[in-house]
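Peer 1: Data file start_25.txt (compact mmCIF, C-alpha atoms) is appended below.
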```txt
# COMPACT_ATOMS: atom_id res chain seq x y z
CA MET A 1 172.72 -52.11 70.62
CA GLU A 2 172.83 -55.75 69.90
CA HIS A 3 172.63 -57.39 73.25
CA ILE A 4 172.51 -61.12 73.50
CA GLU A 5 174.96 -63.42 71.85
CA HIS A 6 175.63 -67.03 71.42
CA ILE A 7 176.64 -68.78 74.61
CA GLU A 8 178.00 -72.24 74.18
CA HIS A 9 176.31 -74.73 76.40
CA THR A 10 178.84 -75.52 79.10
CA GLU A 11 179.76 -79.16 79.19
CA SER A 12 178.02 -81.09 81.90
CA PRO A 13 178.31 -84.84 82.32
CA LYS A 14 175.56 -87.01 80.88
CA ASP A 15 175.01 -88.87 84.13
CA MET A 16 174.43 -85.64 86.09
CA LYS A 17 171.74 -87.22 88.27
CA ALA A 18 174.05 -90.03 89.39
CA GLN A 19 176.78 -87.50 90.13
CA ILE A 20 174.38 -85.37 92.21
CA TRP A 21 173.46 -88.33 94.41
CA LYS A 22 177.09 -89.38 94.70
CA THR A 23 177.93 -85.84 95.89
CA PHE A 24 175.07 -85.98 98.36
CA TRP A 25 176.44 -89.16 99.95
CA ILE A 26 179.94 -87.69 100.05
CA LEU A 27 178.64 -84.58 101.85
CA PHE A 28 176.59 -86.77 104.17
CA ALA A 29 179.63 -88.92 104.98
CA PHE A 30 181.85 -85.90 105.63
CA THR A 31 179.25 -84.39 107.97
CA VAL A 32 179.07 -87.68 109.88
CA ILE A 33 182.90 -87.77 110.03
CA ASP A 34 182.82 -84.19 111.38
CA ILE A 35 180.46 -85.11 114.19
CA VAL A 36 182.27 -88.36 115.06
CA LEU A 37 185.62 -86.53 115.15
CA TYR A 38 184.12 -83.83 117.34
CA PHE A 39 183.19 -86.35 120.02
CA PHE A 40 186.36 -88.35 119.55
CA LEU A 41 188.59 -85.29 120.09
CA ILE A 42 186.34 -83.49 122.56
CA SER A 43 188.85 -83.09 125.40
CA TYR A 44 191.76 -82.39 123.08
CA HIS A 45 192.47 -78.73 122.29
CA SER A 46 195.02 -77.76 119.71
CA MET A 47 195.38 -75.79 116.51
CA ILE A 48 195.77 -79.06 114.55
CA LYS A 49 192.22 -80.00 115.50
CA ASN A 50 190.95 -76.66 114.17
CA TRP A 51 192.89 -77.12 110.96
CA LEU A 52 191.32 -80.55 110.62
CA PHE A 53 187.75 -79.20 110.91
CA ILE A 54 188.51 -76.29 108.57
CA VAL A 55 190.01 -78.66 105.98
CA LEU A 56 186.93 -80.91 106.23
CA GLY A 57 184.78 -77.80 105.72
CA VAL A 58 186.80 -76.82 102.66
CA VAL A 59 186.43 -80.35 101.24
CA LYS A 60 182.65 -80.11 101.63
CA ALA A 61 182.77 -76.64 100.07
CA TYR A 62 184.66 -78.11 97.10
CA TYR A 63 181.85 -80.58 96.42
CA ILE A 64 179.07 -78.02 96.89
CA VAL A 65 180.70 -75.40 94.66
CA GLY A 66 182.12 -77.89 92.16
CA VAL A 67 179.12 -80.10 91.50
CA PHE A 68 176.03 -78.41 92.95
CA MET A 69 177.01 -74.94 91.76
CA HIS A 70 178.37 -76.38 88.52
CA MET A 71 181.71 -74.62 88.95
CA LYS A 72 183.74 -77.67 87.85
CA PHE A 73 182.20 -77.39 84.39
CA GLU A 74 182.51 -73.62 83.93
CA ARG A 75 185.35 -71.78 82.23
CA LYS A 76 188.60 -71.86 84.19
CA THR A 77 188.79 -68.04 84.21
CA LEU A 78 185.45 -67.76 86.03
CA MET A 79 186.47 -70.50 88.43
CA TYR A 80 189.72 -68.82 89.41
CA SER A 81 188.23 -65.33 89.71
CA ILE A 82 185.73 -66.61 92.28
CA ILE A 83 187.80 -69.25 94.08
CA ILE A 84 191.15 -67.50 94.55
CA PRO A 85 189.80 -64.59 96.68
CA MET A 86 188.03 -67.13 98.87
CA VAL A 87 191.19 -69.16 99.39
CA PHE A 88 192.82 -66.07 100.89
CA VAL A 89 189.76 -65.39 103.03
CA VAL A 90 189.86 -68.91 104.52
CA PHE A 91 193.56 -68.31 105.18
CA PHE A 92 192.66 -65.01 106.90
CA ILE A 93 190.11 -66.74 109.17
CA THR A 94 192.73 -69.28 110.19
CA LEU A 95 195.28 -66.51 110.81
CA MET A 96 192.85 -64.66 113.07
CA ILE A 97 192.20 -67.83 115.06
CA ILE A 98 195.95 -68.12 115.66
CA GLU A 99 196.14 -64.41 116.49
CA GLY A 100 193.24 -64.79 118.95
CA ASP A 101 195.15 -67.59 120.65
CA TYR A 102 198.09 -65.21 121.25
CA THR A 103 195.68 -62.59 122.64
CA ASN A 104 194.48 -65.25 125.04
CA ILE A 105 198.04 -65.94 126.19
CA LEU A 106 198.64 -62.18 126.70
CA ARG A 107 195.57 -61.97 128.93
CA TRP A 108 197.21 -64.45 131.29
CA VAL A 109 200.61 -62.75 131.25
CA LYS A 110 199.45 -59.43 132.71
CA MET B 1 177.48 -54.69 53.33
CA ALA B 2 175.93 -54.33 56.74
CA THR B 3 176.29 -58.02 57.51
CA ASN B 4 179.88 -57.81 56.35
CA THR B 5 180.70 -55.06 58.86
CA LEU B 6 179.06 -57.06 61.60
CA SER B 7 181.07 -60.16 60.87
CA THR B 8 184.39 -58.26 60.89
CA GLU B 9 183.43 -56.65 64.20
CA LYS B 10 182.78 -60.05 65.70
CA LYS B 11 186.36 -61.04 65.00
CA PHE B 12 187.75 -58.71 67.66
CA THR B 13 187.94 -60.21 71.12
CA TRP B 14 187.18 -56.90 72.81
CA GLY B 15 184.71 -55.73 70.19
CA GLY B 16 181.67 -56.45 72.30
CA GLY B 17 178.89 -58.92 71.72
CA LYS B 18 180.73 -61.57 73.67
CA SER B 19 179.85 -62.97 77.03
CA PRO B 20 182.80 -62.90 79.41
CA PHE B 21 183.54 -66.27 81.00
CA ASN B 22 181.04 -67.88 78.64
CA VAL B 23 178.17 -67.52 81.11
CA SER B 24 175.11 -65.32 80.84
CA TYR B 25 174.98 -61.85 82.36
CA GLY B 26 172.61 -62.97 85.12
CA LYS B 27 174.68 -65.92 86.20
CA LEU B 28 177.93 -63.95 86.22
CA MET B 29 176.31 -61.22 88.32
CA MET B 30 174.97 -63.85 90.71
CA TRP B 31 178.51 -65.20 91.13
CA ILE B 32 179.86 -61.70 91.80
CA PHE B 33 177.08 -61.09 94.33
CA LEU B 34 177.84 -64.41 96.04
CA LEU B 35 181.52 -63.50 96.23
CA SER B 36 180.70 -60.19 97.93
CA ASP B 37 178.24 -61.94 100.23
CA ALA B 38 180.94 -64.49 101.06
CA PHE B 39 183.17 -61.58 102.12
CA THR B 40 180.44 -60.34 104.46
CA PHE B 41 180.06 -63.75 106.07
CA SER B 42 183.83 -64.12 106.23
CA SER B 43 184.18 -60.87 108.16
CA LEU B 44 181.76 -62.27 110.74
CA LEU B 45 183.65 -65.56 110.89
CA ILE B 46 187.00 -63.74 111.17
CA ALA B 47 185.62 -61.77 114.14
CA TYR B 48 184.30 -65.01 115.61
CA GLY B 49 187.60 -66.85 115.15
CA PHE B 50 189.51 -64.05 116.87
CA ILE B 51 187.12 -63.59 119.79
CA ARG B 52 186.64 -67.33 120.33
CA TYR B 53 190.39 -67.94 120.63
CA SER B 54 191.07 -64.92 122.77
CA PHE B 55 189.26 -66.90 125.48
CA GLN B 56 190.34 -70.12 127.10
CA SER B 57 189.26 -73.40 125.52
CA PRO B 58 186.23 -75.19 127.00
CA ILE B 59 186.81 -77.24 130.13
CA PRO B 60 186.67 -80.97 129.30
CA ASN B 61 183.29 -82.39 130.26
CA THR B 62 183.61 -85.60 132.24
CA ILE B 63 180.27 -85.24 134.02
CA VAL B 64 177.52 -85.67 131.42
CA LYS B 65 177.67 -88.44 128.85
CA PRO B 66 175.51 -88.40 125.68
CA LEU B 67 171.99 -89.82 126.25
CA ALA B 68 172.35 -89.30 130.01
CA GLU B 69 169.32 -88.03 131.90
CA VAL B 70 169.49 -84.36 132.83
CA GLY B 71 167.27 -82.15 134.96
CA HIS B 72 165.55 -78.86 134.15
CA ASN B 73 168.25 -76.89 135.93
CA PHE B 74 171.00 -78.25 133.66
CA VAL B 75 172.61 -74.83 133.08
CA GLU B 76 172.80 -74.12 136.83
CA GLN B 77 174.24 -77.58 137.44
CA MET B 78 176.95 -76.98 134.85
CA ASN B 79 177.64 -73.58 136.44
CA GLU B 80 178.03 -75.20 139.83
CA ALA B 81 180.20 -77.96 138.38
CA GLY B 82 182.50 -75.24 137.02
CA LEU B 83 182.02 -76.10 133.35
CA PHE B 84 180.64 -72.65 132.45
CA LEU B 85 183.13 -69.93 133.39
CA GLN B 86 183.58 -66.31 132.32
CA ASP B 87 187.11 -66.86 131.00
CA HIS B 88 186.34 -70.07 129.15
CA TRP B 89 184.39 -70.43 125.95
CA PRO B 90 181.50 -72.82 126.64
CA SER B 91 181.62 -76.28 125.10
CA PRO B 92 178.99 -76.38 122.31
CA GLU B 93 177.90 -79.89 123.28
CA LEU B 94 176.76 -78.60 126.70
CA VAL B 95 174.89 -75.63 125.24
CA PHE B 96 173.19 -77.19 122.21
CA ASN B 97 171.91 -80.40 123.75
CA HIS B 98 168.16 -80.02 123.29
CA PHE B 99 165.84 -81.79 120.91
CA PRO B 100 162.17 -80.98 120.24
CA PHE B 101 159.67 -83.17 122.14
CA ILE B 102 162.48 -84.95 124.01
CA HIS B 103 163.03 -83.59 127.49
CA GLY B 104 165.52 -84.46 130.16
CA ILE B 105 168.04 -86.26 127.94
CA HIS B 106 171.49 -84.94 127.06
CA LEU B 107 171.59 -85.02 123.22
CA PRO B 108 174.71 -83.05 122.26
CA LEU B 109 174.62 -81.58 118.75
CA PHE B 110 171.91 -84.03 117.62
CA PHE B 111 169.51 -81.28 116.61
CA VAL B 112 172.07 -79.18 114.75
CA SER B 113 173.25 -82.28 112.87
CA LEU B 114 169.67 -82.86 111.81
CA MET B 115 169.47 -79.24 110.62
CA THR B 116 172.67 -79.75 108.62
CA PHE B 117 171.26 -82.84 106.93
CA ILE B 118 167.99 -81.04 106.14
CA LEU B 119 169.91 -78.23 104.44
CA ILE B 120 172.17 -80.61 102.48
CA PHE B 121 169.09 -82.52 101.35
CA SER B 122 167.30 -79.36 100.22
CA SER B 123 170.47 -78.50 98.27
CA VAL B 124 170.20 -81.85 96.47
CA THR B 125 166.55 -81.28 95.54
CA MET B 126 167.52 -77.82 94.26
CA VAL B 127 170.25 -79.17 92.00
CA LEU B 128 167.84 -81.87 90.77
CA ALA B 129 165.40 -79.06 89.86
CA VAL B 130 168.20 -77.36 87.89
CA GLU B 131 168.99 -80.64 86.15
CA ALA B 132 165.30 -81.15 85.27
CA GLY B 133 165.27 -77.58 83.95
CA HIS B 134 168.00 -78.47 81.43
CA ARG B 135 165.66 -81.17 80.10
CA MET B 136 162.72 -78.69 80.08
CA ALA B 137 160.76 -81.09 82.30
CA LYS B 138 158.32 -78.64 83.87
CA GLY B 139 156.63 -81.14 86.19
CA GLU B 140 159.90 -82.37 87.65
CA VAL B 141 161.24 -78.83 88.14
CA ALA B 142 158.06 -77.93 90.04
CA LYS B 143 158.26 -81.08 92.18
CA TYR B 144 161.88 -80.53 93.20
CA MET B 145 161.37 -76.79 93.75
CA LEU B 146 158.52 -77.60 96.13
CA LEU B 147 160.73 -80.09 98.01
CA THR B 148 163.44 -77.43 98.28
CA ILE B 149 160.96 -74.91 99.68
CA ILE B 150 159.78 -77.49 102.24
CA GLY B 151 163.41 -78.20 103.22
CA GLY B 152 164.14 -74.49 103.63
CA ALA B 153 161.00 -73.97 105.70
CA MET B 154 161.94 -76.95 107.89
CA PHE B 155 165.41 -75.52 108.46
CA LEU B 156 163.95 -72.13 109.39
CA SER B 157 161.52 -73.75 111.82
CA CYS B 158 164.39 -75.70 113.40
CA GLN B 159 166.37 -72.51 113.80
CA ALA B 160 163.38 -70.69 115.30
CA TRP B 161 163.02 -73.52 117.81
CA GLU B 162 166.73 -73.45 118.63
CA TRP B 163 166.68 -69.69 119.17
CA THR B 164 163.58 -70.00 121.39
CA THR B 165 165.29 -72.62 123.56
CA PHE B 166 168.48 -70.59 123.66
CA ILE B 167 166.67 -67.37 124.65
CA GLY B 168 164.54 -69.35 127.13
CA GLU B 169 167.71 -70.38 128.96
CA GLY B 170 168.70 -66.74 129.32
CA ALA B 171 170.93 -66.10 126.30
CA ARG B 172 170.82 -62.48 125.17
CA LEU B 173 172.86 -60.23 122.91
CA TYR B 174 174.38 -58.63 126.03
CA GLY B 175 175.04 -61.76 128.07
CA ASN B 176 174.35 -65.42 128.67
CA PRO B 177 174.58 -68.00 131.43
CA TYR B 178 177.22 -70.09 129.64
CA GLY B 179 180.32 -67.93 129.72
CA PRO B 180 181.78 -64.95 127.82
CA ARG B 181 179.22 -62.33 126.75
CA SER B 182 180.31 -62.42 123.14
CA PHE B 183 179.38 -66.11 122.86
CA ALA B 184 175.62 -65.62 122.55
CA ALA B 185 176.03 -62.26 120.78
CA LEU B 186 178.11 -63.84 118.01
CA PHE B 187 175.76 -66.81 117.84
CA PHE B 188 172.70 -64.60 117.37
CA ILE B 189 174.37 -62.33 114.82
CA VAL B 190 175.93 -65.02 112.65
CA THR B 191 173.12 -67.61 112.73
CA GLY B 192 170.64 -64.74 112.43
CA PHE B 193 172.39 -63.38 109.36
CA HIS B 194 172.52 -66.86 107.88
CA GLY B 195 168.88 -67.49 108.80
CA PHE B 196 167.91 -64.27 107.06
CA HIS B 197 169.67 -65.57 103.94
CA VAL B 198 167.75 -68.84 104.19
CA PHE B 199 164.53 -66.84 104.54
CA SER B 200 165.36 -64.75 101.45
CA GLY B 201 166.23 -67.97 99.62
CA VAL B 202 162.86 -69.49 100.48
CA VAL B 203 161.08 -66.32 99.27
CA LEU B 204 163.05 -66.40 95.98
CA ASN B 205 162.30 -70.12 95.64
CA VAL B 206 158.57 -69.53 96.17
CA ILE B 207 158.53 -66.80 93.50
CA THR B 208 160.42 -69.06 91.08
CA TYR B 209 158.13 -71.99 91.94
CA ILE B 210 155.04 -69.90 91.10
CA ASN B 211 156.66 -68.84 87.83
CA VAL B 212 157.46 -72.48 87.00
CA LEU B 213 153.82 -73.43 87.63
CA ASN B 214 152.64 -70.51 85.47
CA GLY B 215 154.89 -71.68 82.66
CA THR B 216 156.86 -68.40 82.55
CA TYR B 217 160.17 -70.18 81.94
CA GLU B 218 158.64 -72.62 79.48
CA LYS B 219 157.50 -69.65 77.36
CA ARG B 220 160.96 -68.12 77.75
CA GLY B 221 162.51 -71.29 76.39
CA HIS B 222 164.94 -71.92 79.25
CA TYR B 223 164.99 -72.46 83.01
CA GLU B 224 167.98 -70.24 83.72
CA MET B 225 166.18 -68.47 86.56
CA VAL B 226 166.01 -71.79 88.42
CA GLU B 227 169.79 -72.07 87.96
CA LYS B 228 170.40 -68.57 89.33
CA VAL B 229 168.15 -69.11 92.34
CA GLY B 230 169.87 -72.48 92.73
CA LEU B 231 173.29 -70.80 92.91
CA TYR B 232 172.01 -68.62 95.75
CA TRP B 233 170.48 -71.59 97.55
CA HIS B 234 173.69 -73.63 97.35
CA PHE B 235 175.61 -70.65 98.67
CA VAL B 236 173.34 -70.60 101.72
CA ASP B 237 174.13 -74.29 102.24
CA LEU B 238 177.83 -73.57 101.77
CA VAL B 239 177.76 -70.85 104.43
CA TRP B 240 176.00 -73.25 106.79
CA VAL B 241 178.87 -75.73 106.36
CA PHE B 242 181.22 -73.09 107.77
CA VAL B 243 178.82 -71.79 110.42
CA PHE B 244 178.40 -75.40 111.56
CA THR B 245 182.17 -75.94 111.58
CA PHE B 246 183.01 -72.77 113.48
CA PHE B 247 180.12 -72.54 115.93
CA TYR B 248 179.49 -76.16 116.79
CA LEU B 249 182.71 -78.06 116.10
CA ILE B 250 185.59 -75.70 116.79
```
Before anything else, please render the file you have as C-alpha cells.

Peer 2:
Amino acid sequence: MEHIEHIEHTESPKDMKAQIWKTFWILFAFTVIDIVLYFFLISYHSMIKNWLFIVLGVVKAYYIVGVFMHMKFERKTLMYSIIIPMVFVVFFITLMIIEGDYTNILRWVK
Amino acid sequence: MATNTLSTEKKFTWGGGKSPFNVSYGKLMMWIFLLSDAFTFSSLLIAYGFIRYSFQSPIPNTIVKPLAEVGHNFVEQMNEAGLFLQDHWPSPELVFNHFPFIHGIHLPLFFVSLMTFILIFSSVTMVLAVEAGHRMAKGEVAKYMLLTIIGGAMFLSCQAWEWTTFIGEGARLYGNPYGPRSFAALFFIVTGFHGFHVFSGVVLNVITYINVLNGTYEKRGHYEMVEKVGLYWHFVDLVWVFVFTFFYLI
C-alpha cells in the first residue's frame, strides 16, 4: 500500500525567531502579573478572583499552544478538534469550583 | 495505464493517500495523545477545584510580611496563631515560603516562581531547536536541545527539593500540619504526576539529543522528531501553567 504522500509545508512566519522571543516576554510578563495580583488580592476571596487567574492561565495557554506548539499555523480543522474539547474542560473545572463552594456552604448549614 | 488509474484515484477526497489535517501521522497522533493526557490532568484539576472549594478560604495573613525573619518552628507558630486550621485551606504563601540556601526568611512563592520561569525558558529553547530543525542546522538543534535538557533537569531538581522540604515539615499523603488532609495529598499526586511527565520529557529529549548528535535526522532529511518531542515538552509547560495557577494562586 502506498503510504506517504505529499504534505504541504504549513505556513510559518519568516521571522519565527523574533516571534518566539516576543512570546517568551509575553509569557514572562503574564507570570509576573499573576504573582503581583496574587499578593495584591491576597486577603480578598471571591469567585471573580478565581476567574481572573483562570483567564490569565488561558491567555498563557493561548500563546504556548498558538506559537510554541505551532497551532496558529496549522489547519483550522486540526485546531478546532483539539481546542474545542479543552474549552469545555476548562469550563468544567470552573463549574466544579463553584459546586465545591456550595458544598462548603452546606457543611456550615448542618 | 497504471499511472492513469493512480491519478484518478487521487482525485477522490476519501480515496486514501491523503494526510488528514495536512499534518504527518506522527504529529497528528502526538496531538491526539496530548488531548487525552490533557483530559487526565483535567480530571485531577477538577477534583482539586471541587475539594479546595468545599473547604473555607485561607485566613488572611496579617502576621508575616514577605522578607520577614522567621524561626525554625514557623509551622507551629502559624498553628498557634490560628492561620492553619482543619476547616480552612492553607494559604499557599505560608506553606511554600522556602528557598534553597536561604534560611529563616519568609519568601512566599519565590521558589515556585523561579521554577515557572525555568520551565518557560526551557520551552523557548525547545521551540528554538524546532526552528533550527526547519533550517537543517544540526549544530544549533543540538545546542538548544542540550539547553532544554538542562532546563528540565533544573526543574526536576527544584521539585525534588520542594518535595523534600514539604515532607520534612510533616506533609504526607494521609495528612499534613497545614490544614485539611487532602491538601498535601492533592499536592503530591498532581505535582507528582506532572513531575513524572517532566521526567519522561527529559528522557525523550535525551534520546532525541543523542540521535541529533548521531546525525539520524540529518540522514532522514528532516527534524520532525524534534518537533514531536517539542509538542510534548510544550504540553508539559502548559500543564505547569495550570498547576501553578490552581495550586499556588487560587

Peer 1: Need to verify the contact set: segment 98-100 of chain B, 10 Å, only C-alpha atoms, exclusion of same-chain residues closer than 3 positions in sequence. Can you return it as a list of chain:residue names?

Peer 2: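 Skipping anything fewer than 3 positions along the chain leaves B:Glu93, B:Leu94, B:Val95, B:His103, B:Gly104, B:Ile105, B:His106, B:Leu107, B:Pro108, B:Leu109, B:Phe110, B:Phe111, B:Val112, B:Leu114, B:Cys158, B:Trp161, B:Glu162, B:Thr165, B:Phe166.
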
Peer 1: Select, as number ranges by chain, those residues of chain B with any atom no more than 8 Å from chain A (distances computed using only C-alpha atoms).

Peer 2: B: 17-19, 21-24, 31-32, 35, 38-39, 42, 45-47, 49-57, 59-61, 113, 117, 120-121, 123-124, 127-128, 131, 230-231, 234, 238, 241-242, 245, 249-250

Peer 1: Rank nothing, just name the residue among B:Ile118, B:Ile102, B:Leu186, B:Val64 nearest to Trp240 of chain B, using all atoms listed in the file.

Peer 2: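 Smallest separation from Trp240 of chain B among the options: B:Ile118.
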
Peer 1: Restricting the calculation to only C-alpha atoms, which member of B:Leu44, B:Asn97, B:Tyr217, B:Gly168 is positioned closest to Val70 of chain B?

Peer 2: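 For Val70 of chain B, the nearest of the given residues is B:Asn97.
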
Peer 1: Using all atoms listed in the file, which of B:Leu173, B:Leu34, B:Asn79, B:His72 sits nearest His197 of chain B?

Peer 2: B:Leu34

Peer 1: Ranking B:Leu67, B:Ile189, B:Thr40, B:Phe199 by minimum distance to Ile150 of chain B and counting all atoms listed in the file, which one comes first?

Peer 2: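 For Ile150 of chain B, the nearest of the candidates is B:Phe199.
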
Peer 1: Excluding Val226 of chain B and its own-chain neighbours fewer than 6 positions away, which residues fall within 8 Å of it when counting all atoms listed in the file? Please give them as an NGL selection string.

Peer 2: :B and (129-130 or 133 or 208)

Peer 1: Keeping C-alpha atoms for every residue in the selection just given, could you write it to a file as a PDB file, keeping the file's coordinate frame?

Peer 2:
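File produced: result-v4.pdb:
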```
ATOM      1  CA  ALA B 129     165.400 -79.060  89.860  1.00  0.00           C
ATOM      2  CA  VAL B 130     168.200 -77.360  87.890  1.00  0.00           C
ATOM      3  CA  GLY B 133     165.270 -77.580  83.950  1.00  0.00           C
ATOM      4  CA  THR B 208     160.420 -69.060  91.080  1.00  0.00           C
TER       5      THR B 208
END
```

Peer 1: Pick from B:Val203, B:Val229, B:Ala68, B:Leu85: nearest to Arg181 of chain B, with only C-alpha atoms counted?

Peer 2: B:Leu85

Peer 1: Using only the atoms of segment 195-211 of chain B listed in the file, plus 5 Å on each side, state the axis-aligned box centre and edge lengths in Å rounded to one decimal, as JSON.

Peer 2:
```
{"center_x": 162.4, "center_y": -68.1, "center_z": 98.3, "size_x": 24.6, "size_y": 17.7, "size_z": 31.0}
```

Peer 1: Have a look at B:Trp89, B:Ser36, B:Glu80, B:Phe41 and name the one nearest to Tyr248 of chain B; count all atoms listed in the file.

Peer 2: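 Among the listed residues, B:Trp89 lies closest to Tyr248 of chain B.
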
Peer 1: Just give me the gap between atom CA of Val75 of chain B and atom CA of Trp163 of chain B in Å, one decimal is fine.

Peer 2: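 It comes out at 16.0 Å.
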
Peer 1: To one decimal in Å, tell me the separation between atom CA of Val236 of chain B and atom CA of Asn214 of chain B.

Peer 2: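 One can read the atom CA of Val236 of chain B to atom CA of Asn214 of chain B distance as 26.3 Å.
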
Peer 1: Which distance in Å separates atom CA of Val190 of chain B and atom CA of Val243 of chain B, to one decimal?

Peer 2: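 One can read the atom CA of Val190 of chain B to atom CA of Val243 of chain B distance as 7.7 Å.
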
Peer 1: When you look at Phe187 of chain B with a cut-off of 10 Å (counting only C-alpha atoms), what residues show up, excluding the ones that are within fewer than 3 positions of it in the same chain? I need them as a list of chain:residue names.

Peer 2: B:Tyr48, B:Trp163, B:Ala171, B:Arg172, B:Leu173, B:Ser182, B:Phe183, B:Ala184, B:Val190, B:Thr191, B:Gly192, B:Phe193, B:Val243, B:Phe247

Peer 1: Start from the incomplete input, build N, CA and C atoms for segment 78-99 of chain A, and deliver everything as a compact mmCIF listing (two decimals), in the frame of the given file.

Peer 2:
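part.txt was written with the following content:
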```txt
# COMPACT_ATOMS: atom_id res chain seq x y z
N LEU A 78 186.51 -68.07 85.06
CA LEU A 78 185.45 -67.76 86.03
C LEU A 78 185.76 -68.44 87.35
N MET A 79 186.18 -69.71 87.24
CA MET A 79 186.47 -70.50 88.43
C MET A 79 187.53 -69.81 89.28
N TYR A 80 188.63 -69.42 88.64
CA TYR A 80 189.72 -68.82 89.41
C TYR A 80 189.33 -67.47 89.98
N SER A 81 188.56 -66.66 89.21
CA SER A 81 188.23 -65.33 89.71
C SER A 81 187.32 -65.40 90.94
N ILE A 82 186.58 -66.48 91.09
CA ILE A 82 185.73 -66.61 92.28
C ILE A 82 186.47 -67.34 93.40
N ILE A 83 187.21 -68.39 93.04
CA ILE A 83 187.80 -69.25 94.08
C ILE A 83 189.01 -68.61 94.76
N ILE A 84 189.90 -67.99 93.97
CA ILE A 84 191.15 -67.50 94.55
C ILE A 84 190.92 -66.49 95.70
N PRO A 85 190.03 -65.48 95.53
CA PRO A 85 189.80 -64.59 96.68
C PRO A 85 189.36 -65.35 97.92
N MET A 86 188.54 -66.38 97.73
CA MET A 86 188.03 -67.13 98.87
C MET A 86 189.11 -67.95 99.56
N VAL A 87 190.08 -68.41 98.79
CA VAL A 87 191.19 -69.16 99.39
C VAL A 87 191.91 -68.26 100.40
N PHE A 88 192.14 -67.01 99.99
CA PHE A 88 192.82 -66.07 100.89
C PHE A 88 191.96 -65.76 102.12
N VAL A 89 190.65 -65.70 101.91
CA VAL A 89 189.76 -65.39 103.03
C VAL A 89 189.79 -66.52 104.06
N VAL A 90 189.78 -67.77 103.60
CA VAL A 90 189.86 -68.91 104.52
C VAL A 90 191.19 -68.86 105.28
N PHE A 91 192.24 -68.48 104.57
CA PHE A 91 193.56 -68.31 105.18
C PHE A 91 193.51 -67.23 106.27
N PHE A 92 192.80 -66.13 105.96
CA PHE A 92 192.66 -65.01 106.90
C PHE A 92 191.93 -65.46 108.17
N ILE A 93 190.86 -66.24 108.00
CA ILE A 93 190.11 -66.74 109.17
C ILE A 93 191.05 -67.55 110.06
N THR A 94 191.82 -68.44 109.43
CA THR A 94 192.73 -69.28 110.19
C THR A 94 193.78 -68.43 110.90
N LEU A 95 194.29 -67.41 110.20
CA LEU A 95 195.28 -66.51 110.81
C LEU A 95 194.71 -65.82 112.04
N MET A 96 193.45 -65.38 111.94
CA MET A 96 192.85 -64.66 113.07
C MET A 96 192.60 -65.59 114.24
N ILE A 97 192.34 -66.86 113.96
CA ILE A 97 192.20 -67.83 115.06
C ILE A 97 193.53 -67.94 115.80
N ILE A 98 194.62 -68.02 115.04
CA ILE A 98 195.95 -68.12 115.66
C ILE A 98 196.26 -66.85 116.45
N GLU A 99 195.91 -65.70 115.84
CA GLU A 99 196.14 -64.41 116.49
C GLU A 99 195.34 -64.31 117.79
```
